[in-house]
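Q: This is run_8.pdb (PDB, C-alpha atoms, pLDDT in the B column).
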```
ATOM      1  CA  MET P 254       0.000   0.000   0.000  1.00 84.00           C
ATOM      2  CA  PRO P 255       1.751   3.207  -1.146  1.00 95.00           C
ATOM      3  CA  LYS P 256       2.338   6.040   1.274  1.00 98.00           C
ATOM      4  CA  LEU P 257       0.790   9.435   0.622  1.00 98.00           C
ATOM      5  CA  ALA P 258       4.116  11.156   1.322  1.00 98.00           C
ATOM      6  CA  ALA P 259       5.878   9.133  -1.386  1.00 98.00           C
ATOM      7  CA  ILE P 260       3.173   9.892  -3.948  1.00 98.00           C
ATOM      8  CA  VAL P 261       3.178  13.605  -3.115  1.00 98.00           C
ATOM      9  CA  ALA P 262       6.964  13.837  -3.361  1.00 98.00           C
ATOM     10  CA  HIS P 263       6.891  12.113  -6.738  1.00 98.00           C
ATOM     11  CA  LEU P 264       4.084  14.313  -8.075  1.00 98.00           C
ATOM     12  CA  ASP P 265       5.710  17.536  -6.900  1.00 98.00           C
ATOM     13  CA  GLN P 266       8.884  16.624  -8.760  1.00 98.00           C
ATOM     14  CA  HIS P 267       7.230  15.171 -11.863  1.00 98.00           C
ATOM     15  CA  LEU P 268       4.949  18.204 -12.289  1.00 98.00           C
ATOM     16  CA  ARG P 269       7.760  20.668 -11.463  1.00 98.00           C
ATOM     17  CA  HIS P 270       5.691  22.515  -8.875  1.00 98.00           C
ATOM     18  CA  ALA P 271       8.713  24.361  -7.505  1.00 96.00           C
ATOM     19  CA  GLU P 272       9.589  25.727 -10.956  1.00 96.00           C
ATOM     20  CA  VAL P 273       6.263  26.667 -12.540  1.00 97.00           C
ATOM     21  CA  THR P 274       4.834  30.078 -11.654  1.00 96.00           C
ATOM     22  CA  ASP P 275       1.093  30.105 -10.990  1.00 96.00           C
ATOM     23  CA  TYR P 276      -1.718  32.280  -9.664  1.00 92.00           C
ATOM     24  CA  PRO P 277      -1.529  32.971  -5.895  1.00 90.00           C
ATOM     25  CA  GLY P 278      -4.684  31.000  -5.095  1.00 91.00           C
ATOM     26  CA  ALA P 279      -3.598  27.856  -6.912  1.00 95.00           C
ATOM     27  CA  TRP P 280      -1.616  26.370  -3.993  1.00 95.00           C
ATOM     28  CA  ASN P 281      -0.216  23.557  -6.115  1.00 98.00           C
ATOM     29  CA  GLY P 282       0.507  20.366  -4.235  1.00 98.00           C
ATOM     30  CA  LEU P 283      -1.065  18.646  -1.245  1.00 98.00           C
ATOM     31  CA  GLN P 284      -3.907  20.764   0.147  1.00 98.00           C
ATOM     32  CA  VAL P 285      -5.443  18.250   2.563  1.00 98.00           C
ATOM     33  CA  GLU P 286      -3.701  15.160   3.910  1.00 98.00           C
ATOM     34  CA  ASN P 287      -5.172  11.835   4.962  1.00 98.00           C
ATOM     35  CA  ALA P 288      -3.948   9.285   7.504  1.00 98.00           C
ATOM     36  CA  GLY P 289      -0.944   8.520   5.329  1.00 98.00           C
ATOM     37  CA  GLU P 290      -1.791   5.687   2.935  1.00 98.00           C
ATOM     38  CA  VAL P 291      -3.434   5.538  -0.488  1.00 98.00           C
ATOM     39  CA  THR P 292      -5.590   2.668  -1.698  1.00 98.00           C
ATOM     40  CA  LYS P 293      -7.597   4.368  -4.454  1.00 98.00           C
ATOM     41  CA  VAL P 294      -7.116   7.520  -6.507  1.00 98.00           C
ATOM     42  CA  GLY P 295      -9.822   9.818  -7.823  1.00 98.00           C
ATOM     43  CA  ALA P 296      -9.566  12.498 -10.492  1.00 98.00           C
ATOM     44  CA  ALA P 297     -11.819  15.551 -10.796  1.00 98.00           C
ATOM     45  CA  VAL P 298     -11.557  18.960 -12.385  1.00 98.00           C
ATOM     46  CA  ASP P 299     -12.728  20.846  -9.291  1.00 98.00           C
ATOM     47  CA  ALA P 300     -12.334  20.339  -5.547  1.00 98.00           C
ATOM     48  CA  CYS P 301     -15.965  21.164  -4.832  1.00 97.00           C
ATOM     49  CA  ALA P 302     -18.454  19.703  -2.371  1.00 97.00           C
ATOM     50  CA  ALA P 303     -19.961  17.376  -4.972  1.00 98.00           C
ATOM     51  CA  THR P 304     -16.663  15.784  -6.039  1.00 98.00           C
ATOM     52  CA  ILE P 305     -15.337  15.531  -2.478  1.00 98.00           C
ATOM     53  CA  GLU P 306     -18.506  13.843  -1.240  1.00 98.00           C
ATOM     54  CA  GLN P 307     -18.574  11.464  -4.193  1.00 98.00           C
ATOM     55  CA  ALA P 308     -14.901  10.597  -3.713  1.00 98.00           C
ATOM     56  CA  VAL P 309     -15.520   9.695  -0.065  1.00 98.00           C
ATOM     57  CA  ALA P 310     -18.592   7.629  -1.002  1.00 98.00           C
ATOM     58  CA  GLN P 311     -16.533   5.683  -3.564  1.00 98.00           C
ATOM     59  CA  GLY P 312     -13.777   4.818  -1.113  1.00 98.00           C
ATOM     60  CA  ILE P 313     -11.207   7.151  -2.673  1.00 98.00           C
ATOM     61  CA  ASP P 314      -8.516   8.398  -0.329  1.00 98.00           C
ATOM     62  CA  LEU P 315      -6.535  10.632  -2.737  1.00 98.00           C
ATOM     63  CA  LEU P 316      -8.342  13.092  -4.975  1.00 99.00           C
ATOM     64  CA  LEU P 317      -6.370  14.768  -7.782  1.00 98.00           C
ATOM     65  CA  VAL P 318      -7.865  18.060  -8.963  1.00 98.00           C
ATOM     66  CA  HIS P 319      -7.026  20.869 -11.353  1.00 98.00           C
ATOM     67  CA  HIS P 320      -8.803  23.610  -9.410  1.00 98.00           C
ATOM     68  CA  GLY P 321      -8.107  23.372  -5.687  1.00 97.00           C
ATOM     69  CA  LEU P 322      -9.811  24.606  -2.538  1.00 96.00           C
ATOM     70  CA  PHE P 323      -8.196  27.998  -2.067  1.00 93.00           C
ATOM     71  CA  TRP P 324      -8.738  30.120  -5.178  1.00 89.00           C
ATOM     72  CA  ALA P 325     -10.219  32.947  -3.123  1.00 84.00           C
ATOM     73  CA  GLY P 326      -7.100  33.116  -0.955  1.00 85.00           C
ATOM     74  CA  VAL P 327      -7.162  33.189   2.848  1.00 85.00           C
ATOM     75  CA  GLN P 328     -10.737  32.847   4.043  1.00 87.00           C
ATOM     76  CA  PRO P 329     -12.655  31.846   7.192  1.00 92.00           C
ATOM     77  CA  VAL P 330     -13.278  28.115   7.532  1.00 93.00           C
ATOM     78  CA  THR P 331     -17.035  28.619   7.660  1.00 95.00           C
ATOM     79  CA  GLY P 332     -20.036  27.714   5.549  1.00 95.00           C
ATOM     80  CA  PRO P 333     -19.240  25.776   2.345  1.00 94.00           C
ATOM     81  CA  THR P 334     -15.479  25.927   3.014  1.00 94.00           C
ATOM     82  CA  ARG P 335     -15.907  24.265   6.413  1.00 96.00           C
ATOM     83  CA  ARG P 336     -18.256  21.632   4.992  1.00 97.00           C
ATOM     84  CA  LYS P 337     -15.837  20.683   2.207  1.00 96.00           C
ATOM     85  CA  ILE P 338     -12.812  20.430   4.464  1.00 97.00           C
ATOM     86  CA  LYS P 339     -14.790  18.536   7.134  1.00 98.00           C
ATOM     87  CA  ALA P 340     -16.077  16.066   4.525  1.00 98.00           C
ATOM     88  CA  ALA P 341     -12.523  15.412   3.357  1.00 98.00           C
ATOM     89  CA  LEU P 342     -11.142  15.011   6.894  1.00 98.00           C
ATOM     90  CA  ASP P 343     -14.027  12.822   8.067  1.00 98.00           C
ATOM     91  CA  GLY P 344     -13.652  10.682   4.948  1.00 98.00           C
ATOM     92  CA  ASN P 345      -9.851  10.331   5.225  1.00 98.00           C
ATOM     93  CA  LEU P 346      -9.549  12.004   1.829  1.00 98.00           C
ATOM     94  CA  ALA P 347      -6.321  13.681   0.745  1.00 98.00           C
ATOM     95  CA  ILE P 348      -6.664  16.407  -1.889  1.00 98.00           C
ATOM     96  CA  TYR P 349      -3.842  17.231  -4.287  1.00 98.00           C
ATOM     97  CA  SER P 350      -4.106  20.102  -6.764  1.00 98.00           C
ATOM     98  CA  SER P 351      -2.096  21.024  -9.852  1.00 98.00           C
ATOM     99  CA  HIS P 352      -3.083  24.000 -11.995  1.00 98.00           C
ATOM    100  CA  LEU P 353      -0.645  25.554 -14.489  1.00 98.00           C
ATOM    101  CA  PRO P 354       1.951  22.800 -13.929  1.00 98.00           C
ATOM    102  CA  LEU P 355      -0.629  20.322 -15.194  1.00 98.00           C
ATOM    103  CA  ASP P 356      -1.783  22.608 -18.006  1.00 98.00           C
ATOM    104  CA  LEU P 357       1.683  22.849 -19.503  1.00 97.00           C
ATOM    105  CA  HIS P 358       3.093  19.390 -18.769  1.00 98.00           C
ATOM    106  CA  PRO P 359       4.426  17.941 -22.063  1.00 97.00           C
ATOM    107  CA  GLN P 360       2.991  14.433 -21.537  1.00 97.00           C
ATOM    108  CA  LEU P 361       0.165  14.723 -19.014  1.00 98.00           C
ATOM    109  CA  GLY P 362      -0.909  18.325 -19.639  1.00 98.00           C
ATOM    110  CA  ASN P 363      -4.328  19.547 -20.726  1.00 98.00           C
ATOM    111  CA  ASN P 364      -2.917  21.412 -23.712  1.00 98.00           C
ATOM    112  CA  ALA P 365      -0.710  18.579 -24.963  1.00 98.00           C
ATOM    113  CA  LEU P 366      -3.475  16.005 -24.630  1.00 98.00           C
ATOM    114  CA  LEU P 367      -6.109  18.183 -26.295  1.00 98.00           C
ATOM    115  CA  CYS P 368      -3.748  18.825 -29.206  1.00 98.00           C
ATOM    116  CA  ARG P 369      -3.042  15.110 -29.478  1.00 98.00           C
ATOM    117  CA  ALA P 370      -6.768  14.299 -29.431  1.00 98.00           C
ATOM    118  CA  LEU P 371      -7.339  16.829 -32.230  1.00 98.00           C
ATOM    119  CA  GLY P 372      -4.703  15.100 -34.356  1.00 97.00           C
ATOM    120  CA  PHE P 373      -2.064  17.834 -34.215  1.00 97.00           C
ATOM    121  CA  LYS P 374       1.260  16.117 -34.870  1.00 90.00           C
ATOM    122  CA  LYS P 375       3.855  18.827 -34.326  1.00 95.00           C
ATOM    123  CA  CYS P 376       3.326  21.489 -31.694  1.00 98.00           C
ATOM    124  CA  GLU P 377       5.459  24.355 -30.457  1.00 97.00           C
ATOM    125  CA  PRO P 378       5.354  26.528 -27.297  1.00 97.00           C
ATOM    126  CA  PHE P 379       2.735  29.287 -27.346  1.00 97.00           C
ATOM    127  CA  PHE P 380       1.155  31.950 -25.134  1.00 97.00           C
ATOM    128  CA  HIS P 381       3.817  33.331 -22.843  1.00 93.00           C
ATOM    129  CA  ALA P 382       2.423  34.111 -19.394  1.00 91.00           C
ATOM    130  CA  LYS P 383       3.897  34.301 -15.891  1.00 91.00           C
ATOM    131  CA  GLY P 384       7.406  33.776 -17.231  1.00 92.00           C
ATOM    132  CA  GLN P 385       6.688  30.626 -19.235  1.00 95.00           C
ATOM    133  CA  PHE P 386       4.777  29.282 -22.224  1.00 97.00           C
ATOM    134  CA  ILE P 387       1.566  27.700 -20.997  1.00 96.00           C
ATOM    135  CA  GLY P 388      -0.023  26.741 -24.333  1.00 98.00           C
ATOM    136  CA  LEU P 389       0.814  25.094 -27.638  1.00 98.00           C
ATOM    137  CA  GLN P 390       0.507  26.081 -31.284  1.00 98.00           C
ATOM    138  CA  THR P 391       0.621  24.130 -34.508  1.00 98.00           C
ATOM    139  CA  LYS P 392       0.581  24.728 -38.225  1.00 97.00           C
ATOM    140  CA  ALA P 393      -2.404  23.194 -39.966  1.00 93.00           C
ATOM    141  CA  ALA P 394      -4.186  23.008 -43.290  1.00 92.00           C
ATOM    142  CA  LEU P 395      -7.838  22.386 -42.547  1.00 96.00           C
ATOM    143  CA  THR P 396     -11.073  24.274 -42.720  1.00 98.00           C
ATOM    144  CA  ARG P 397     -12.656  26.048 -39.812  1.00 98.00           C
ATOM    145  CA  ASP P 398     -15.670  23.733 -40.117  1.00 98.00           C
ATOM    146  CA  GLU P 399     -13.498  20.625 -39.952  1.00 98.00           C
ATOM    147  CA  LEU P 400     -11.773  21.937 -36.841  1.00 98.00           C
ATOM    148  CA  SER P 401     -15.165  22.580 -35.261  1.00 98.00           C
ATOM    149  CA  ARG P 402     -16.218  18.991 -35.995  1.00 98.00           C
ATOM    150  CA  ARG P 403     -13.011  17.644 -34.459  1.00 98.00           C
ATOM    151  CA  LEU P 404     -13.556  19.712 -31.329  1.00 98.00           C
ATOM    152  CA  GLU P 405     -17.136  18.526 -31.002  1.00 98.00           C
ATOM    153  CA  LYS P 406     -16.044  14.893 -31.290  1.00 98.00           C
ATOM    154  CA  VAL P 407     -13.214  15.254 -28.769  1.00 98.00           C
ATOM    155  CA  LEU P 408     -15.057  17.396 -26.215  1.00 98.00           C
ATOM    156  CA  GLY P 409     -18.521  15.888 -26.538  1.00 96.00           C
ATOM    157  CA  LYS P 410     -20.135  19.261 -27.221  1.00 94.00           C
ATOM    158  CA  LYS P 411     -20.308  21.702 -30.103  1.00 97.00           C
ATOM    159  CA  PRO P 412     -17.841  24.544 -29.526  1.00 98.00           C
ATOM    160  CA  HIS P 413     -18.944  28.158 -29.563  1.00 98.00           C
ATOM    161  CA  LEU P 414     -17.240  30.068 -32.360  1.00 98.00           C
ATOM    162  CA  SER P 415     -16.474  33.684 -33.107  1.00 98.00           C
ATOM    163  CA  PRO P 416     -15.628  33.327 -36.831  1.00 98.00           C
ATOM    164  CA  GLY P 417     -13.363  36.340 -37.097  1.00 98.00           C
ATOM    165  CA  GLY P 418     -10.526  34.619 -38.942  1.00 98.00           C
ATOM    166  CA  PRO P 419     -10.104  32.761 -42.233  1.00 98.00           C
ATOM    167  CA  LYS P 420     -12.280  29.821 -43.253  1.00 98.00           C
ATOM    168  CA  LYS P 421      -9.111  27.847 -43.950  1.00 98.00           C
ATOM    169  CA  VAL P 422      -6.954  27.926 -40.857  1.00 98.00           C
ATOM    170  CA  THR P 423      -3.166  27.809 -41.008  1.00 97.00           C
ATOM    171  CA  ARG P 424      -1.893  28.362 -37.456  1.00 98.00           C
ATOM    172  CA  ILE P 425      -3.802  27.253 -34.353  1.00 98.00           C
ATOM    173  CA  GLY P 426      -3.105  28.168 -30.732  1.00 98.00           C
ATOM    174  CA  VAL P 427      -4.426  26.142 -27.806  1.00 98.00           C
ATOM    175  CA  VAL P 428      -4.740  27.226 -24.166  1.00 98.00           C
ATOM    176  CA  THR P 429      -7.287  25.221 -22.198  1.00 98.00           C
ATOM    177  CA  GLY P 430      -9.491  26.760 -19.513  1.00 97.00           C
ATOM    178  CA  GLY P 431     -10.401  30.425 -19.245  1.00 96.00           C
ATOM    179  CA  ALA P 432      -7.990  32.221 -21.569  1.00 97.00           C
ATOM    180  CA  GLY P 433     -10.565  33.900 -23.792  1.00 97.00           C
ATOM    181  CA  ALA P 434      -9.886  37.349 -22.367  1.00 96.00           C
ATOM    182  CA  GLU P 435      -6.366  37.043 -23.804  1.00 97.00           C
ATOM    183  CA  VAL P 436      -7.372  36.653 -27.455  1.00 97.00           C
ATOM    184  CA  ALA P 437      -5.320  39.765 -28.291  1.00 97.00           C
ATOM    185  CA  ARG P 438      -2.204  38.105 -26.863  1.00 96.00           C
ATOM    186  CA  ALA P 439      -2.922  34.997 -28.926  1.00 97.00           C
ATOM    187  CA  ALA P 440      -3.287  37.088 -32.076  1.00 97.00           C
ATOM    188  CA  ALA P 441      -0.062  38.942 -31.306  1.00 97.00           C
ATOM    189  CA  GLU P 442       1.763  35.594 -31.246  1.00 96.00           C
ATOM    190  CA  GLY P 443       0.693  34.964 -34.828  1.00 97.00           C
ATOM    191  CA  VAL P 444      -2.181  32.475 -34.745  1.00 98.00           C
ATOM    192  CA  ASP P 445      -5.254  32.887 -36.902  1.00 98.00           C
ATOM    193  CA  THR P 446      -7.303  30.498 -34.754  1.00 98.00           C
ATOM    194  CA  PHE P 447      -7.408  30.314 -30.948  1.00 98.00           C
ATOM    195  CA  ILE P 448      -8.901  27.387 -29.035  1.00 98.00           C
ATOM    196  CA  THR P 449      -9.658  27.802 -25.336  1.00 98.00           C
ATOM    197  CA  GLY P 450     -12.418  27.005 -22.869  1.00 98.00           C
ATOM    198  CA  GLU P 451     -14.281  30.210 -22.112  1.00 98.00           C
ATOM    199  CA  GLY P 452     -13.952  33.965 -21.839  1.00 97.00           C
ATOM    200  CA  PRO P 453     -15.806  37.253 -21.376  1.00 97.00           C
ATOM    201  CA  GLN P 454     -18.513  38.715 -23.583  1.00 97.00           C
ATOM    202  CA  HIS P 455     -16.233  41.243 -25.272  1.00 97.00           C
ATOM    203  CA  SER P 456     -13.852  38.545 -26.511  1.00 98.00           C
ATOM    204  CA  TYR P 457     -16.299  37.596 -29.276  1.00 98.00           C
ATOM    205  CA  THR P 458     -16.242  40.977 -30.966  1.00 98.00           C
ATOM    206  CA  LEU P 459     -12.568  41.497 -30.190  1.00 98.00           C
ATOM    207  CA  ALA P 460     -11.758  38.277 -32.058  1.00 98.00           C
ATOM    208  CA  GLU P 461     -13.727  39.598 -35.026  1.00 98.00           C
ATOM    209  CA  GLU P 462     -11.800  42.867 -34.935  1.00 98.00           C
ATOM    210  CA  LEU P 463      -8.467  41.057 -34.686  1.00 98.00           C
ATOM    211  CA  GLY P 464      -9.252  38.697 -37.547  1.00 98.00           C
ATOM    212  CA  VAL P 465      -8.997  35.574 -35.384  1.00 98.00           C
ATOM    213  CA  ASN P 466     -11.226  32.515 -35.148  1.00 98.00           C
ATOM    214  CA  LEU P 467     -12.030  32.053 -31.458  1.00 98.00           C
ATOM    215  CA  PHE P 468     -13.281  28.635 -30.375  1.00 98.00           C
ATOM    216  CA  TYR P 469     -14.764  28.131 -26.924  1.00 98.00           C
ATOM    217  CA  GLY P 470     -14.878  24.426 -26.104  1.00 98.00           C
ATOM    218  CA  GLY P 471     -15.878  24.871 -22.466  1.00 98.00           C
ATOM    219  CA  HIS P 472     -13.661  25.511 -19.460  1.00 98.00           C
ATOM    220  CA  TYR P 473     -14.584  22.213 -17.835  1.00 98.00           C
ATOM    221  CA  ALA P 474     -14.521  20.124 -21.009  1.00 98.00           C
ATOM    222  CA  THR P 475     -11.053  21.294 -22.048  1.00 98.00           C
ATOM    223  CA  GLU P 476      -9.583  20.525 -18.621  1.00 98.00           C
ATOM    224  CA  THR P 477     -10.682  16.939 -18.011  1.00 98.00           C
ATOM    225  CA  PHE P 478      -7.666  15.569 -19.913  1.00 98.00           C
ATOM    226  CA  GLY P 479      -4.904  16.335 -17.436  1.00 98.00           C
ATOM    227  CA  VAL P 480      -6.424  14.964 -14.227  1.00 98.00           C
ATOM    228  CA  LYS P 481      -7.438  11.753 -15.995  1.00 98.00           C
ATOM    229  CA  ALA P 482      -3.947  11.281 -17.404  1.00 98.00           C
ATOM    230  CA  LEU P 483      -2.337  12.082 -14.050  1.00 98.00           C
ATOM    231  CA  ALA P 484      -4.509   9.554 -12.225  1.00 98.00           C
ATOM    232  CA  ALA P 485      -3.814   6.889 -14.855  1.00 98.00           C
ATOM    233  CA  TYR P 486      -0.090   7.610 -14.554  1.00 98.00           C
ATOM    234  CA  LEU P 487      -0.191   7.208 -10.760  1.00 98.00           C
ATOM    235  CA  SER P 488      -2.273   4.063 -11.058  1.00 98.00           C
ATOM    236  CA  LYS P 489       0.331   2.434 -13.270  1.00 98.00           C
ATOM    237  CA  ARG P 490       3.336   3.592 -11.280  1.00 97.00           C
ATOM    238  CA  PHE P 491       2.021   2.784  -7.791  1.00 98.00           C
ATOM    239  CA  ARG P 492      -0.353  -0.063  -8.754  1.00 97.00           C
ATOM    240  CA  ILE P 493      -3.511   1.436  -7.308  1.00 97.00           C
ATOM    241  CA  PRO P 494      -6.951   1.763  -8.955  1.00 98.00           C
ATOM    242  CA  TRP P 495      -8.372   5.100 -10.053  1.00 98.00           C
ATOM    243  CA  GLU P 496     -11.712   6.621 -11.110  1.00 98.00           C
ATOM    244  CA  PHE P 497     -12.783   9.846 -12.763  1.00 98.00           C
ATOM    245  CA  ILE P 498     -15.450  11.832 -10.949  1.00 98.00           C
ATOM    246  CA  ASP P 499     -17.379  13.711 -13.607  1.00 98.00           C
ATOM    247  CA  HIS P 500     -19.124  16.867 -12.393  1.00 98.00           C
ATOM    248  CA  PRO P 501     -19.536  19.080 -15.488  1.00 97.00           C
ATOM    249  CA  THR P 502     -20.435  22.729 -15.097  1.00 96.00           C
ATOM    250  CA  GLY P 503     -21.492  23.329 -18.702  1.00 93.00           C
ATOM    251  CA  LEU P 504     -19.172  26.337 -18.801  1.00 93.00           C
TER     252      LEU P 504
END
```
Write the structure described by the file as C-alpha cells, please.
A:
Amino acid sequence: MPKLAAIVAHLDQHLRHAEVTDYPGAWNGLQVENAGEVTKVGAAVDACAATIEQAVAQGIDLLLVHHGLFWAGVQPVTGPTRRKIKAALDGNLAIYSSHLPLDLHPQLGNNALLCRALGFKKCEPFFHAKGQFIGLQTKAALTRDELSRRLEKVLGKKPHLSPGGPKKVTRIGVVTGGAGAEVARAAAEGVDTFITGEGPQHSYTLAEELGVNLFYGGHYATETFGVKALAAYLSKRFRIPWEFIDHPTGL
C-alpha cells in the first residue's frame, strides 16, 4: 500500500511545482492530507463539495484536482469551506491540486493532450504568461468547419465560435481553460485560430476585430484531460486503482 508522502513527493517533482509560476490561489501540491496511505485515486476537475462527497462515497482516499480549494485566498473556515474540508477530513480524503503545472506538462498536460486528441502532430510553445509558455501552437491546413467537428467529437459538445478569422486555418493556438480574455495576446503571437475554454462577452467581438477565429470548447470540457492522465499515470506507477469523478459545469 503506497504512502501518501511518497506519492506527493513524486508528483511535486514530476509536475515541477517548484519551478512553474502560478496564480496565488492555486496552492499547487497537497492541500489536505489523509492518515498517510493511499488505496484508491480519484480524479476531478474541481475540488468542490460534490466531487469531495462522491470521492468519499466511492472509497477514494486521494483526490487529484485541477482547481483546488483555495482560489479565493485566505478565508474563514465557515459555511461551504468548512463543509468541504470537514467532509474530506471525516472521509480520510487527501486532496492534491495542480493548476498551471498540469496545463503545460508535455505528456500529461491539458494542452498537450487536447492537441493530441485533435490530431495535431507537431506542436510548439505558445502563449507566454507568468514567465513561461503555458499553451501550444501548430501549423495546420484544414477548414474552420473541420476543426469545429473535431472539437465537437473530442469534447462531446459543439464549440462556440467567433468566426473572425479565415475559413481555412493555417496556425492554431491552444490554451485550455479560461484564456478567452487574452485573445489579443494569442493574435499577437501569430495564430489565426485560438482554441480555449471560455472567456468574457467582449472577446467575441474582439476576435472579429483582430481577424482571429475564437473557439470556446468549455472551461470544464477542455480541462478533463490532465487529471485523468495524471490519475492513470499514478495508477500504473504505484499499482492502485483510479476513477474519474465527472461533475460538469457546462461552462
Q: Would you list the contacts of P:Ile387 as an MDAnalysis selection string, taking every protein, DNA or RNA residue within 8 Å and counting all atoms listed in the file, but skipping same-chain residues closer than 3 positions in sequence?
A: chainID P and resid 353 356:357 378:382 428
Q: Rounded to one decimal in Å, what is the spacing between atom CA of P:Ala259 and atom CA of P:Val294?
A: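 Between atom CA of P:Ala259 and atom CA of P:Val294 the gap is 14.1 Å.
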Q: Selected by the PyMOL selection byres ((chain P and resi 473) around 12) in the shown coordinates: which residues, as JSON, numbers by chain?
A: {"P": [297, 298, 299, 318, 319, 320, 363, 408, 409, 410, 429, 430, 431, 449, 450, 451, 469, 470, 471, 472, 474, 475, 476, 477, 478, 479, 480, 499, 500, 501, 502, 503, 504]}
Q: Please produce a file of the residues just selected, as a PDB file, in the frame of the given file, where the atoms kept are C-alpha atoms.
A:
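The result, written out as again.pdb:
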```pdb
ATOM      1  CA  ALA P 297     -11.819  15.551 -10.796  1.00 98.00           C
ATOM      2  CA  VAL P 298     -11.557  18.960 -12.385  1.00 98.00           C
ATOM      3  CA  ASP P 299     -12.728  20.846  -9.291  1.00 98.00           C
ATOM      4  CA  VAL P 318      -7.865  18.060  -8.963  1.00 98.00           C
ATOM      5  CA  HIS P 319      -7.026  20.869 -11.353  1.00 98.00           C
ATOM      6  CA  HIS P 320      -8.803  23.610  -9.410  1.00 98.00           C
ATOM      7  CA  ASN P 363      -4.328  19.547 -20.726  1.00 98.00           C
ATOM      8  CA  LEU P 408     -15.057  17.396 -26.215  1.00 98.00           C
ATOM      9  CA  GLY P 409     -18.521  15.888 -26.538  1.00 96.00           C
ATOM     10  CA  LYS P 410     -20.135  19.261 -27.221  1.00 94.00           C
ATOM     11  CA  THR P 429      -7.287  25.221 -22.198  1.00 98.00           C
ATOM     12  CA  GLY P 430      -9.491  26.760 -19.513  1.00 97.00           C
ATOM     13  CA  GLY P 431     -10.401  30.425 -19.245  1.00 96.00           C
ATOM     14  CA  THR P 449      -9.658  27.802 -25.336  1.00 98.00           C
ATOM     15  CA  GLY P 450     -12.418  27.005 -22.869  1.00 98.00           C
ATOM     16  CA  GLU P 451     -14.281  30.210 -22.112  1.00 98.00           C
ATOM     17  CA  TYR P 469     -14.764  28.131 -26.924  1.00 98.00           C
ATOM     18  CA  GLY P 470     -14.878  24.426 -26.104  1.00 98.00           C
ATOM     19  CA  GLY P 471     -15.878  24.871 -22.466  1.00 98.00           C
ATOM     20  CA  HIS P 472     -13.661  25.511 -19.460  1.00 98.00           C
ATOM     21  CA  ALA P 474     -14.521  20.124 -21.009  1.00 98.00           C
ATOM     22  CA  THR P 475     -11.053  21.294 -22.048  1.00 98.00           C
ATOM     23  CA  GLU P 476      -9.583  20.525 -18.621  1.00 98.00           C
ATOM     24  CA  THR P 477     -10.682  16.939 -18.011  1.00 98.00           C
ATOM     25  CA  PHE P 478      -7.666  15.569 -19.913  1.00 98.00           C
ATOM     26  CA  GLY P 479      -4.904  16.335 -17.436  1.00 98.00           C
ATOM     27  CA  VAL P 480      -6.424  14.964 -14.227  1.00 98.00           C
ATOM     28  CA  ASP P 499     -17.379  13.711 -13.607  1.00 98.00           C
ATOM     29  CA  HIS P 500     -19.124  16.867 -12.393  1.00 98.00           C
ATOM     30  CA  PRO P 501     -19.536  19.080 -15.488  1.00 97.00           C
ATOM     31  CA  THR P 502     -20.435  22.729 -15.097  1.00 96.00           C
ATOM     32  CA  GLY P 503     -21.492  23.329 -18.702  1.00 93.00           C
ATOM     33  CA  LEU P 504     -19.172  26.337 -18.801  1.00 93.00           C
TER      34      LEU P 504
END
```
Q: Selected by the PyMOL selection byres ((chain P and resi 487) around 12) in the shown coordinates: which residues, as a VMD selection string?
A: chain P and resid 255 257 259 to 261 263 to 264 267 291 to 296 315 to 317 361 480 to 486 488 to 496
Q: Apply the PyMOL selection byres ((chain P and resi 324) around 6) to the file shown and report the selected residues as a list in words.
A: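 Applying the expression gives Gly278, Ala279, Phe323, Ala325 and Gly326 of chain P.
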Q: Pick the closest to P:Ala347 from P:Thr446, P:Gln385, P:Asn287, P:Thr274: which is it, counting all atoms listed in the file?
A: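 Closest to P:Ala347 of all the choices is P:Asn287.
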Q: Please report the interatomic distance between atom CA of P:Arg397 and atom CA of P:Thr423 in Å with one decimal.
A: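 Value for the atom CA of P:Arg397-atom CA of P:Thr423 distance: 9.7 Å.
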Q: Which residues are near stretch 441-443 of chain P? Cut-off 8 Å, only C-alpha atoms, ignore same chain within fewer than 2 positions. Put them as a list in words.
A: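 Skipping anything fewer than 2 positions along the chain leaves Phe379, Phe380, Arg424, Ala437, Arg438, Ala439 and Asp445 of chain P.
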